[in-house]
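Undergrad: This one is query.txt, compact mmCIF, C-alpha atoms.
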# COMPACT_ATOMS: atom_id res chain seq x y z
CA VAL M 2 0.00 0.00 0.00
CA ARG M 3 1.54 3.27 -1.06
CA LEU M 4 1.23 6.55 0.80
CA ARG M 5 -1.16 8.00 -1.75
CA THR M 6 -3.70 5.26 -0.93
CA ALA M 7 -3.82 6.08 2.79
CA VAL M 8 -7.13 7.57 3.86
CA ILE M 9 -6.90 10.18 6.60
CA TYR M 10 -9.86 11.61 8.50
CA GLY M 11 -9.60 14.53 10.90
CA GLU M 12 -7.03 17.27 11.34
CA ASN M 13 -3.43 17.55 10.18
CA LEU M 14 -1.73 14.18 10.65
CA ALA M 15 1.69 15.66 11.45
CA ARG M 16 0.38 17.41 14.58
CA MET M 17 1.43 15.83 17.88
CA SER M 18 -1.08 13.35 19.31
CA ASP M 19 -1.30 12.54 22.99
CA ILE M 20 -1.83 8.87 22.10
CA ILE M 21 -1.70 6.81 18.92
CA VAL M 22 -3.78 3.62 18.89
CA ILE M 23 -2.50 1.08 16.36
CA GLY M 24 -5.27 -1.23 15.19
CA GLY M 25 -8.86 -0.35 14.40
CA GLY M 26 -10.70 -3.49 15.45
CA ILE M 27 -13.24 -3.50 18.27
CA ILE M 28 -10.41 -3.57 20.83
CA GLY M 29 -8.70 -0.55 19.25
CA LEU M 30 -11.91 1.38 18.64
CA LEU M 31 -13.17 0.98 22.20
CA THR M 32 -9.70 1.79 23.54
CA ALA M 33 -9.67 5.01 21.52
CA ARG M 34 -13.20 5.79 22.70
CA GLU M 35 -12.25 5.32 26.35
CA LEU M 36 -9.17 7.54 26.02
CA ILE M 37 -11.15 10.23 24.21
CA HIS M 38 -13.74 10.23 27.01
CA GLU M 39 -10.92 11.33 29.32
CA GLY M 40 -9.93 14.19 27.02
CA ALA M 41 -6.96 12.60 25.25
CA ASP M 42 -6.04 13.70 21.73
CA VAL M 43 -6.07 10.37 19.85
CA THR M 44 -4.98 9.20 16.42
CA LEU M 45 -6.11 5.72 15.36
CA VAL M 46 -4.17 3.91 12.62
CA ASP M 47 -5.29 0.77 10.80
CA MET M 48 -3.59 -1.15 8.01
CA SER M 49 -6.94 -1.73 6.29
CA GLU M 50 -10.39 -0.43 7.19
CA THR M 51 -11.47 -0.26 10.80
CA GLY M 52 -13.41 -3.26 12.07
CA ARG M 53 -12.61 -5.50 9.10
CA GLU M 54 -10.38 -8.26 10.50
CA SER M 55 -11.33 -10.64 13.33
CA SER M 56 -13.73 -8.02 14.71
CA TRP M 57 -15.87 -8.43 11.59
CA ALA M 58 -15.36 -12.18 11.24
CA GLY M 59 -16.28 -13.28 14.77
CA GLY M 60 -19.59 -14.48 16.15
CA GLY M 61 -20.26 -11.74 18.70
CA ILE M 62 -21.13 -13.99 21.65
CA VAL M 63 -20.74 -11.95 24.83
CA SER M 64 -19.26 -14.86 26.76
CA PRO M 65 -16.28 -17.14 26.45
CA LEU M 66 -17.21 -20.58 25.13
CA TYR M 67 -17.03 -23.08 28.00
CA PRO M 68 -16.13 -20.20 30.35
CA TRP M 69 -15.19 -22.55 33.19
CA ARG M 70 -12.16 -23.65 31.17
CA TYR M 71 -10.51 -20.23 31.40
CA ALA M 72 -8.34 -18.60 34.03
CA ASP M 73 -10.06 -16.43 36.63
CA SER M 74 -8.38 -13.39 35.06
CA VAL M 75 -10.35 -13.97 31.84
CA SER M 76 -13.61 -14.53 33.76
CA ARG M 77 -13.17 -11.32 35.75
CA LEU M 78 -12.54 -9.27 32.63
CA ALA M 79 -15.51 -10.92 30.89
CA SER M 80 -17.79 -10.25 33.87
CA TRP M 81 -16.93 -6.54 33.87
CA SER M 82 -17.59 -6.32 30.14
CA GLN M 83 -20.87 -8.26 30.34
CA ALA M 84 -22.16 -5.91 33.04
CA HIS M 85 -21.45 -2.85 30.88
CA TYR M 86 -22.34 -4.10 27.39
CA PRO M 87 -26.05 -3.15 27.44
CA SER M 88 -25.34 0.47 28.39
CA ILE M 89 -22.45 0.75 25.92
CA CYS M 90 -24.64 -0.53 23.08
CA ASP M 91 -27.50 1.75 24.09
CA GLU M 92 -25.16 4.76 24.12
CA LEU M 93 -23.65 3.88 20.76
CA HIS M 94 -27.08 3.40 19.23
CA GLU M 95 -28.33 6.71 20.61
CA THR M 96 -25.30 8.74 19.51
CA THR M 97 -24.64 7.14 16.11
CA GLY M 98 -27.96 5.69 14.94
CA VAL M 99 -26.31 2.28 14.43
CA ASP M 100 -27.75 -0.46 16.63
CA PRO M 101 -25.17 -3.10 17.70
CA GLU M 102 -28.19 -5.33 18.40
CA PHE M 103 -27.28 -6.48 21.87
CA THR M 104 -29.62 -9.42 22.47
CA ARG M 105 -29.81 -11.62 25.54
CA SER M 106 -30.27 -14.93 23.75
CA GLY M 107 -28.86 -17.19 26.45
CA LEU M 108 -26.26 -19.89 25.80
CA LEU M 109 -27.14 -23.59 25.81
CA THR M 110 -24.16 -25.95 25.94
CA LEU M 111 -25.01 -29.52 24.96
CA GLU M 112 -22.33 -31.20 27.04
CA THR M 113 -22.50 -31.81 30.79
CA ASP M 114 -19.41 -33.93 31.48
CA GLU M 115 -17.77 -30.83 33.00
CA ARG M 116 -20.59 -30.21 35.44
CA PRO M 117 -18.40 -29.91 38.58
CA GLN M 118 -16.12 -27.37 36.86
CA ALA M 119 -19.12 -25.41 35.60
CA GLU M 120 -20.75 -25.35 39.04
CA ALA M 121 -17.54 -24.20 40.71
CA TRP M 122 -17.00 -21.46 38.13
CA ALA M 123 -20.59 -20.18 38.47
CA ALA M 124 -20.32 -20.06 42.25
CA ALA M 125 -16.96 -18.28 42.14
CA HIS M 126 -18.10 -15.60 39.70
CA GLY M 127 -21.75 -15.15 40.66
CA LYS M 128 -23.20 -16.49 37.40
CA ARG M 129 -26.62 -18.00 36.87
CA LEU M 130 -26.17 -21.55 35.60
CA GLU M 131 -28.75 -24.30 35.36
CA PHE M 132 -28.72 -27.90 34.17
CA ALA M 133 -31.36 -28.75 31.59
CA ASP M 134 -32.88 -32.16 30.87
CA ARG M 135 -34.38 -33.26 27.54
CA ASP M 136 -37.80 -31.71 28.21
CA TRP M 137 -36.32 -28.36 29.19
CA ILE M 138 -33.94 -28.38 26.23
CA GLU M 139 -36.89 -28.91 23.88
CA GLU M 140 -38.69 -26.02 25.57
CA LEU M 141 -35.64 -23.73 25.37
CA GLU M 142 -34.89 -24.53 21.71
CA PRO M 143 -37.66 -26.47 19.92
CA ALA M 144 -35.76 -26.50 16.61
CA LEU M 145 -33.00 -28.77 17.91
CA GLY M 146 -32.86 -32.16 16.25
CA PRO M 147 -33.78 -35.44 17.96
CA GLU M 148 -30.17 -36.68 17.90
CA THR M 149 -28.83 -33.90 20.11
CA PRO M 150 -27.76 -34.80 23.67
CA GLY M 151 -30.51 -35.00 26.28
CA GLU M 152 -28.76 -32.83 28.85
CA GLY M 153 -27.27 -29.37 28.71
CA ILE M 154 -25.85 -26.45 30.65
CA TRP M 155 -27.99 -23.32 30.37
CA LEU M 156 -26.55 -19.82 30.89
CA PRO M 157 -29.64 -17.59 30.62
CA ASP M 158 -27.86 -14.23 30.94
CA VAL M 159 -25.48 -14.60 28.00
CA GLY M 160 -26.02 -12.06 25.23
CA GLN M 161 -24.71 -11.42 21.75
CA VAL M 162 -23.92 -8.41 19.60
CA ARG M 163 -23.83 -7.96 15.84
CA ASN M 164 -20.08 -7.38 15.82
CA PRO M 165 -19.80 -5.62 12.42
CA ARG M 166 -22.47 -3.19 13.63
CA LEU M 167 -20.66 -2.73 16.94
CA ALA M 168 -17.44 -1.84 15.12
CA ARG M 169 -19.25 0.54 12.79
CA ALA M 170 -20.99 2.29 15.69
CA ALA M 171 -17.75 2.58 17.67
CA ARG M 172 -16.03 4.15 14.66
CA LEU M 173 -18.81 6.67 14.15
CA ALA M 174 -18.70 7.52 17.85
CA ILE M 175 -15.07 8.67 17.63
CA ALA M 176 -15.03 9.95 14.05
CA ASP M 177 -15.41 13.63 14.95
CA LYS M 178 -13.10 13.43 17.97
CA ALA M 179 -10.05 11.54 16.65
CA ARG M 180 -7.87 11.40 13.58
CA ILE M 181 -8.47 8.09 11.83
CA VAL M 182 -5.86 6.83 9.37
CA GLU M 183 -6.89 3.82 7.29
CA HIS M 184 -5.02 1.72 4.69
CA ALA M 185 -1.83 2.73 6.45
CA GLU M 186 0.87 0.26 7.43
CA VAL M 187 2.89 1.06 10.53
CA ARG M 188 6.50 0.43 9.49
CA ARG M 189 8.30 1.19 12.73
CA LEU M 190 8.07 2.73 16.16
CA TYR M 191 10.48 5.52 17.06
CA ILE M 192 12.15 5.00 20.44
CA GLU M 193 14.58 7.53 21.88
CA ASP M 194 16.21 7.43 25.32
CA GLY M 195 13.90 4.65 26.43
CA ARG M 196 10.60 6.29 25.50
CA ILE M 197 8.24 6.35 22.56
CA LYS M 198 8.54 9.35 20.27
CA GLY M 199 6.45 8.50 17.25
CA VAL M 200 5.18 6.06 14.66
CA GLN M 201 6.21 5.75 11.03
CA VAL M 202 3.22 5.36 8.71
CA HIS M 203 4.49 4.90 5.16
CA GLU M 204 7.00 7.75 4.88
CA GLU M 205 5.38 9.97 7.51
CA MET M 206 6.55 10.28 11.11
CA LEU M 207 3.57 10.73 13.45
CA PRO M 208 4.79 12.28 16.73
CA THR M 209 3.15 11.18 19.96
CA GLU M 210 3.63 10.79 23.68
CA ALA M 211 2.18 7.28 23.92
CA VAL M 212 1.30 4.33 21.70
CA VAL M 213 -1.21 1.58 22.44
CA VAL M 214 -0.81 -1.43 20.13
CA CYS M 215 -4.16 -3.14 19.51
CA ALA M 216 -3.15 -4.87 16.30
CA GLY M 217 -4.64 -8.30 17.01
CA ALA M 218 -2.84 -11.17 15.31
CA TRP M 219 -0.25 -8.73 13.90
CA THR M 220 0.81 -7.39 17.31
CA GLY M 221 3.69 -9.82 17.83
CA LYS M 222 5.24 -8.99 14.46
CA LEU M 223 5.07 -5.26 15.13
CA LEU M 224 6.66 -5.52 18.57
CA ALA M 225 9.18 -8.30 17.90
CA GLU M 226 12.21 -6.00 17.97
CA PHE M 227 11.38 -4.68 21.42
CA GLY M 228 11.33 -8.11 23.15
CA PRO M 229 10.19 -9.90 24.99
CA ALA M 230 7.27 -9.41 22.62
CA PRO M 231 3.79 -10.76 23.42
CA GLU M 232 3.35 -14.38 22.36
CA ILE M 233 0.55 -13.76 19.88
CA GLN M 234 0.03 -15.99 16.86
CA PRO M 235 -2.69 -15.98 14.18
CA VAL M 236 -5.32 -18.73 14.49
CA LYS M 237 -7.70 -18.96 11.55
CA GLY M 238 -11.41 -19.47 12.09
CA GLN M 239 -13.90 -20.19 9.30
CA MET M 240 -17.64 -19.56 9.52
CA VAL M 241 -20.77 -19.97 7.41
CA LEU M 242 -23.97 -17.93 7.36
CA PHE M 243 -27.40 -19.40 6.66
CA TYR M 244 -30.21 -17.26 5.24
CA ALA M 245 -32.93 -18.43 7.63
CA LYS M 246 -36.16 -16.79 8.80
CA PRO M 247 -36.62 -14.81 12.02
CA GLY M 248 -37.60 -16.92 15.01
CA GLN M 249 -36.71 -20.31 13.56
CA ILE M 250 -33.81 -20.63 16.01
CA GLN M 251 -33.96 -18.72 19.28
CA ARG M 252 -30.91 -19.57 21.41
CA ILE M 253 -27.15 -19.62 21.02
CA VAL M 254 -26.29 -23.32 21.08
CA LEU M 255 -22.82 -24.79 21.59
CA SER M 256 -21.89 -28.41 20.91
CA GLU M 257 -18.48 -30.01 20.46
CA ASP M 258 -16.81 -26.60 20.09
CA ARG M 259 -19.19 -25.55 17.28
CA TYR M 260 -21.78 -22.84 17.88
CA VAL M 261 -24.98 -21.68 16.22
CA ILE M 262 -26.00 -18.04 16.66
CA PRO M 263 -29.41 -16.74 15.54
CA ARG M 264 -29.49 -13.06 14.58
CA ARG M 265 -32.55 -10.83 14.93
CA ASP M 266 -33.16 -10.81 11.18
CA GLY M 267 -33.22 -14.62 11.06
CA ARG M 268 -29.74 -15.21 9.70
CA VAL M 269 -27.91 -18.02 11.46
CA LEU M 270 -24.16 -17.93 11.98
CA VAL M 271 -22.28 -21.22 12.43
CA GLY M 272 -18.65 -21.51 13.50
CA SER M 273 -15.88 -21.92 13.99
CA THR M 274 -12.77 -23.81 13.00
CA LEU M 275 -9.40 -23.54 14.74
CA GLU M 276 -6.58 -23.63 12.17
CA HIS M 277 -2.89 -22.78 12.48
CA THR M 278 -2.12 -21.58 8.95
CA GLY M 279 -0.07 -18.49 9.67
CA PHE M 280 -1.44 -15.33 8.09
CA ILE M 281 -3.29 -17.21 5.34
CA LYS M 282 -7.02 -16.78 5.80
CA ALA M 283 -8.48 -18.36 2.67
CA THR M 284 -11.69 -20.34 3.10
CA THR M 285 -11.86 -24.03 2.23
CA ALA M 286 -14.54 -26.39 0.93
CA GLU M 287 -13.65 -28.88 3.67
CA ALA M 288 -14.42 -26.40 6.45
CA LYS M 289 -17.67 -25.37 4.77
CA GLU M 290 -18.79 -29.00 4.56
CA GLU M 291 -17.82 -29.72 8.19
CA LEU M 292 -19.67 -26.68 9.52
CA TYR M 293 -22.69 -27.44 7.34
CA ARG M 294 -22.79 -31.03 8.57
CA LYS M 295 -22.62 -29.98 12.22
CA ALA M 296 -25.24 -27.27 11.76
CA VAL M 297 -27.72 -29.63 10.09
CA GLU M 298 -27.07 -32.29 12.73
CA MET M 299 -28.01 -29.80 15.44
CA PHE M 300 -30.80 -28.05 13.52
CA PRO M 301 -32.34 -30.19 10.75
CA LEU M 302 -34.33 -27.20 9.43
CA LEU M 303 -31.06 -25.74 8.13
CA LYS M 304 -30.86 -28.57 5.59
CA HIS M 305 -33.40 -26.66 3.53
CA THR M 306 -31.86 -23.25 4.20
CA PRO M 307 -29.40 -21.69 1.74
CA ILE M 308 -25.87 -20.80 2.81
CA GLU M 309 -25.50 -17.09 2.14
CA ASN M 310 -21.81 -16.63 2.87
CA GLN M 311 -18.57 -18.17 4.11
CA TRP M 312 -15.56 -16.31 5.46
CA ALA M 313 -12.44 -16.61 7.59
CA GLY M 314 -10.67 -14.42 10.12
CA LEU M 315 -7.43 -14.51 12.07
CA ARG M 316 -7.76 -14.57 15.84
CA PRO M 317 -4.89 -13.26 18.00
CA GLY M 318 -4.00 -16.46 19.83
CA SER M 319 -2.18 -16.19 23.16
CA PRO M 320 -1.11 -18.71 25.81
CA SER M 321 -4.12 -19.78 27.90
CA GLY M 322 -6.21 -17.15 26.10
CA ILE M 323 -5.15 -14.44 28.59
CA PRO M 324 -4.73 -11.08 26.81
CA TYR M 325 -1.74 -8.79 27.15
CA ILE M 326 -2.85 -5.50 28.70
CA GLY M 327 -0.15 -3.21 29.98
CA GLY M 328 3.05 -1.32 29.31
CA PHE M 329 6.59 -2.25 28.34
CA ALA M 330 8.84 -2.03 31.37
CA ASN M 331 11.81 -0.83 29.32
CA ILE M 332 10.01 1.64 27.02
CA GLN M 333 8.09 4.53 28.52
CA GLY M 334 4.86 5.32 26.71
CA LEU M 335 4.54 2.00 24.85
CA TYR M 336 1.52 -0.17 25.72
CA VAL M 337 -0.29 -3.18 24.34
CA ASN M 338 -3.90 -4.38 24.42
CA ALA M 339 -4.01 -7.57 22.36
CA GLY M 340 -4.01 -11.37 22.41
CA HIS M 341 -7.67 -11.94 23.27
CA PHE M 342 -7.84 -15.11 21.12
CA ARG M 343 -11.51 -16.19 20.80
CA ASN M 344 -12.81 -13.60 23.27
CA GLY M 345 -12.09 -10.25 21.66
CA VAL M 346 -15.71 -9.11 21.60
CA VAL M 347 -16.64 -10.18 25.12
CA LEU M 348 -13.44 -8.80 26.67
CA ALA M 349 -13.28 -5.57 24.65
CA PRO M 350 -15.06 -3.11 26.99
CA GLY M 351 -13.15 -4.25 30.07
CA SER M 352 -9.83 -4.40 28.21
CA ALA M 353 -10.33 -0.91 26.79
CA HIS M 354 -11.17 0.52 30.20
CA LEU M 355 -8.26 -1.25 31.90
CA ILE M 356 -5.61 -0.15 29.39
CA ALA M 357 -6.95 3.41 29.65
CA ASP M 358 -6.63 3.16 33.44
CA ILE M 359 -3.00 2.11 33.01
CA VAL M 360 -2.12 4.72 30.38
CA LEU M 361 -3.85 7.56 32.22
CA ASP M 362 -2.72 6.41 35.69
CA ARG M 363 -6.29 6.01 36.95
CA GLN M 364 -7.51 3.61 39.61
CA PRO M 365 -7.83 0.34 37.65
CA ILE M 366 -11.15 -1.48 37.41
CA LEU M 367 -9.32 -4.78 38.01
CA ASP M 368 -5.91 -5.81 39.27
CA PRO M 369 -3.81 -5.45 36.08
CA THR M 370 -1.10 -7.90 37.21
CA PRO M 371 -2.44 -11.07 35.47
CA TYR M 372 -2.44 -9.31 32.08
CA ALA M 373 1.06 -7.79 32.30
CA LEU M 374 3.58 -8.60 29.58
CA SER M 375 5.97 -10.04 32.15
CA VAL M 376 3.53 -12.67 33.48
CA ASP M 377 4.10 -16.29 32.43
CA ARG M 378 0.83 -17.51 30.93
CA GLY M 379 1.87 -21.15 30.67
CA ALA M 380 0.88 -23.49 27.85
Produce structure tokens that represent the structure in this file.

TA:
Amino acid sequence: VRLRTAVIYGENLARMSDIIVIGGGIIGLLTARELIHEGADVTLVDMSETGRESSWAGGGIVSPLYPWRYADSVSRLASWSQAHYPSICDELHETTGVDPEFTRSGLLTLETDERPQAEAWAAAHGKRLEFADRDWIEELEPALGPETPGEGIWLPDVGQVRNPRLARAARLAIADKARIVEHAEVRRLYIEDGRIKGVQVHEEMLPTEAVVVCAGAWTGKLLAEFGPAPEIQPVKGQMVLFYAKPGQIQRIVLSEDRYVIPRRDGRVLVGSTLEHTGFIKATTAEAKEELYRKAVEMFPLLKHTPIENQWAGLRPGSPSGIPYIGGFANIQGLYVNAGHFRNGVVLAPGSAHLIADIVLDRQPILDPTPYALSVDRGA
């Protein structure tokens, strides 16, 4: 991408920014929004268009899948975000006219062999969790097929958002308050005397006092020279979209690591694969067939429903799925908010607030220690 193709919105790019946010996904957009709320002068830079990578490709479930499998640090961050999502979506809808479509669909998991872990997690984090038998499952989701398991774990408070709409609304919310630079590759970070001085975008040097890297799967590559860099690797996920009718499927259903998400307009999203293919995100016929087979097994009505679309995205995989949120000990003014793996949407509000707390030296909403770059996340 050459300099002439960069698209710049806002005031003169060469003017000093208080903070530059690198990465315009939901994590970066909400981070910029949080910093702007505190009066910071923010420039947001994205290598493509904002909200077009994993933020666009994900499912938008406002909960980790099998949340009892995650570290407490992930659950605490998710809980904070879940508590604030309805008000955030309402505010974005009111101020931008774009509805992120927060919907409390509930999450039905069709496996119960982890019942003790699920019960312990729910008790520890104050979550409503119930165990459903065959009759209750049929009442919760009548469209499920007869071959589905006869027991399930029901999380009634789990919601979902239409993640492309959330990203669009977040962008509109900051558009008149920040400089937004799209189709612009960050080539290097300028460090002088142990502190950040600026960012090179194409041939331009953007001066700043602080940089927050929210570049998703690309974060590790960008920060590799400043080691130890965050251990973030791309993990491809493929999804398919069925053109169904409103009300045919009512609940988010999870089975054998595959989920089905009904949108308000009737469309049904099915995902997602986990593939280690580097930065290659091409779709495959094999993944489409596997997702179709699983979807029809769970919901036979989808056998007669056309597939409208198939796509792939690159998740920012990190050890144990714990994101990196914090500053570099050896570089003043350089921060990172990335590595959320499969939970970027659900963790975004809490992550954005926490990194803003750290950057602005506010009282943090959560103990930031578990998310620090120096913490060993294990395998």

Undergrad: Leaving out M:Glu50 and any residue of its chain fewer than 4 positions from it, which residues lie within 8 Å of it when counting all atoms listed in the file, given as a ChimeraX atom specification?

TA: /M:25,183-184

Undergrad: Nearest residue to M:Arg268 out of M:Gln364, M:Asn164, M:Asn338, M:Gln249, using all atoms listed in the file?

TA: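 Between M:Gln364, M:Asn164, M:Asn338, M:Gln249, the residue approaching M:Arg268 most closely is M:Gln249.
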
Undergrad: Tell me which protein, DNA and RNA residues are within 10 Å of M:Phe103, counting all atoms listed in the file, leaving out same-chain ones fewer than 2 positions away, and put them as an mmCIF file with C-alpha atoms, in the frame of the given file.

TA:
data_model
loop_
_atom_site.group_PDB
_atom_site.id
_atom_site.type_symbol
_atom_site.label_atom_id
_atom_site.label_comp_id
_atom_site.auth_asym_id
_atom_site.auth_seq_id
_atom_site.Cartn_x
_atom_site.Cartn_y
_atom_site.Cartn_z
ATOM 1 C CA GLY M 61 -20.260 -11.740 18.700
ATOM 2 C CA ILE M 62 -21.130 -13.990 21.650
ATOM 3 C CA VAL M 63 -20.740 -11.950 24.830
ATOM 4 C CA TYR M 86 -22.340 -4.100 27.390
ATOM 5 C CA PRO M 87 -26.050 -3.150 27.440
ATOM 6 C CA SER M 88 -25.340 0.470 28.390
ATOM 7 C CA ILE M 89 -22.450 0.750 25.920
ATOM 8 C CA CYS M 90 -24.640 -0.530 23.080
ATOM 9 C CA ASP M 91 -27.500 1.750 24.090
ATOM 10 C CA ASP M 100 -27.750 -0.460 16.630
ATOM 11 C CA PRO M 101 -25.170 -3.100 17.700
ATOM 12 C CA ARG M 105 -29.810 -11.620 25.540
ATOM 13 C CA SER M 106 -30.270 -14.930 23.750
ATOM 14 C CA GLY M 160 -26.020 -12.060 25.230
ATOM 15 C CA GLN M 161 -24.710 -11.420 21.750
ATOM 16 C CA VAL M 162 -23.920 -8.410 19.600
ATOM 17 C CA ARG M 163 -23.830 -7.960 15.840
ATOM 18 C CA ASN M 164 -20.080 -7.380 15.820
ATOM 19 C CA LEU M 167 -20.660 -2.730 16.940
ATOM 20 C CA ARG M 265 -32.550 -10.830 14.930
#

Undergrad: Counting only C-alpha atoms, find the residues whose atoms lie at most 9 Å from (0.1, -22.0, 11.0) (file coordinates) and write them out as a PyMOL selection string.

TA: chain M and resi 234-237+276-281

Undergrad: In Å, how far is it from atom CA of M:Glu204 to atom CA of M:Arg172?

TA: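 It comes out at 25.3 Å.
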
Undergrad: Find, counting all atoms listed in the file, the residue in M:Gly340, M:Gly328, M:Gly221, M:Gly107 that gets nearest to M:Val360.

TA: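 Closest residue, counting all atoms listed in the file: M:Gly328.
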
Undergrad: What's the 9 Å shell around M:Thr97, counting only C-alpha atoms, without same-chain residues fewer than 6 positions away, as a list of chain:residue names?

TA: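 Contacts, in chain order: M:Ala170, M:Ala171, M:Leu173, M:Ala174.
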
Undergrad: Can you pull out the residues contacting M:His85? Cut-off 9 Å, using only C-alpha atoms, and skip same-chain residues under 5 positions away; I want them as number ranges by chain.

TA: M: 80, 90, 350-351

Undergrad: Report the distance between atom CA of M:Gln251 and atom CA of M:Trp69 in Å, rounded to one decimal place.

TA: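 A separation of 23.7 Å between them.
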
Undergrad: Just to confirm, what's the straight-line distance from atom CA of M:Val269 to atom CA of M:Gln311 in Å (one decimal)?

TA: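 Rounded to one decimal, the two atoms are 11.9 Å apart.
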